[in-house]
Amino acid sequence: MAVRTMVRRCLTLSLCMLMAGSALTATESLAADCDTVPIDVETTDYSLPFEMPSGLMPDPQFDGLPAQLEVHRVRPVYADKCPSVPNRAVVLVHGRSVTGPVAFDLRYPAPGGGTLSVQEDLARV
């Protein structure tokens, strides 16, 4: 009896999933004019000024001093983004000895085409 009930539930669930999948396909076909993959990437550089919070640094002489974070942003560009495409973000933090653009956004042609930019590759997926 329990196995028969499980089989019925599985079949019902499979049918529901199949129907939901066909509804999703119908919805996506209505929105066929939109983009699911980026057409390009956009790069912006800016600074985020802030005041050093007390106790953040091991040396208290830096407490309360002005500081800034340098941001190098690479984002995907869509002509008309589909509503089903999620918005995602990745924060890449470099170490002390290698700067961020060298580590993550090397703008040099790759052998065989494309670029060696990790940020650009992440923006395109």
# chains A, B, ... in the order shown; residues from 1 in each chain; ligands from 1

call {"tool": "residues_around", "arguments": {"residues": "Tyr108 (chain A)", "least_positions_apart": "4", "cutoff": "8 Å", "atoms": "only C-alpha atoms", "output": "PyMOL selection string"}}
result
chain A and resi 115-117

call {"tool": "write_last_selection", "arguments": {"atoms": "N, CA and C atoms", "output": "PDB file, in the first residue's frame"}}
result
ATOM      1  N   THR A 115      40.059  36.963 -24.001  1.00  0.00           N
ATOM      2  CA  THR A 115      40.932  37.711 -23.099  1.00  0.00           C
ATOM      3  C   THR A 115      41.307  36.827 -21.914  1.00  0.00           C
ATOM      4  N   LEU A 116      42.205  37.327 -21.104  1.00  0.00           N
ATOM      5  CA  LEU A 116      42.619  36.616 -19.898  1.00  0.00           C
ATOM      6  C   LEU A 116      41.969  37.211 -18.656  1.00  0.00           C
ATOM      7  N   SER A 117      40.834  37.869 -18.812  1.00  0.00           N
ATOM      8  CA  SER A 117      40.148  38.531 -17.710  1.00  0.00           C
ATOM      9  C   SER A 117      39.200  37.575 -16.995  1.00  0.00           C
TER      10      SER A 117
END

call {"tool": "closest_residue", "arguments": {"among": "A:Asn87, A:Thr36, A:Thr43, A:Gln61", "to": "Glu120 (chain A)", "atoms": "only C-alpha atoms"}}
result
A:Thr43

call {"tool": "atom_distance", "arguments": {"atom1": "CA of Val37 (chain A)", "atom2": "CA of Asp121 (chain A)"}}
result
12.1 Å

call {"tool": "closest_atom_pairs", "arguments": {"of": "region 63-123 of chain A", "to": "region 50-56 of chain A", "cutoff": "9 Å", "atoms": "only C-alpha atoms", "output": "Markdown table"}}
result
| residue | atom | partner | partner_atom | distance |
| --- | --- | --- | --- | --- |
| A:Asp63 | CA | A:Ser54 | CA | 4.7 |
| A:Gly64 | CA | A:Met52 | CA | 4.9 |
| A:Leu65 | CA | A:Met52 | CA | 5.4 |
| A:Pro66 | CA | A:Glu51 | CA | 4.5 |
| A:Ala67 | CA | A:Phe50 | CA | 5.4 |
| A:Gln68 | CA | A:Phe50 | CA | 5.8 |
| A:Leu69 | CA | A:Phe50 | CA | 8.0 |

call {"tool": "atom_distance", "arguments": {"atom1": "CA of Val118 (chain A)", "atom2": "CA of Asp105 (chain A)"}}
result
5.8 Å
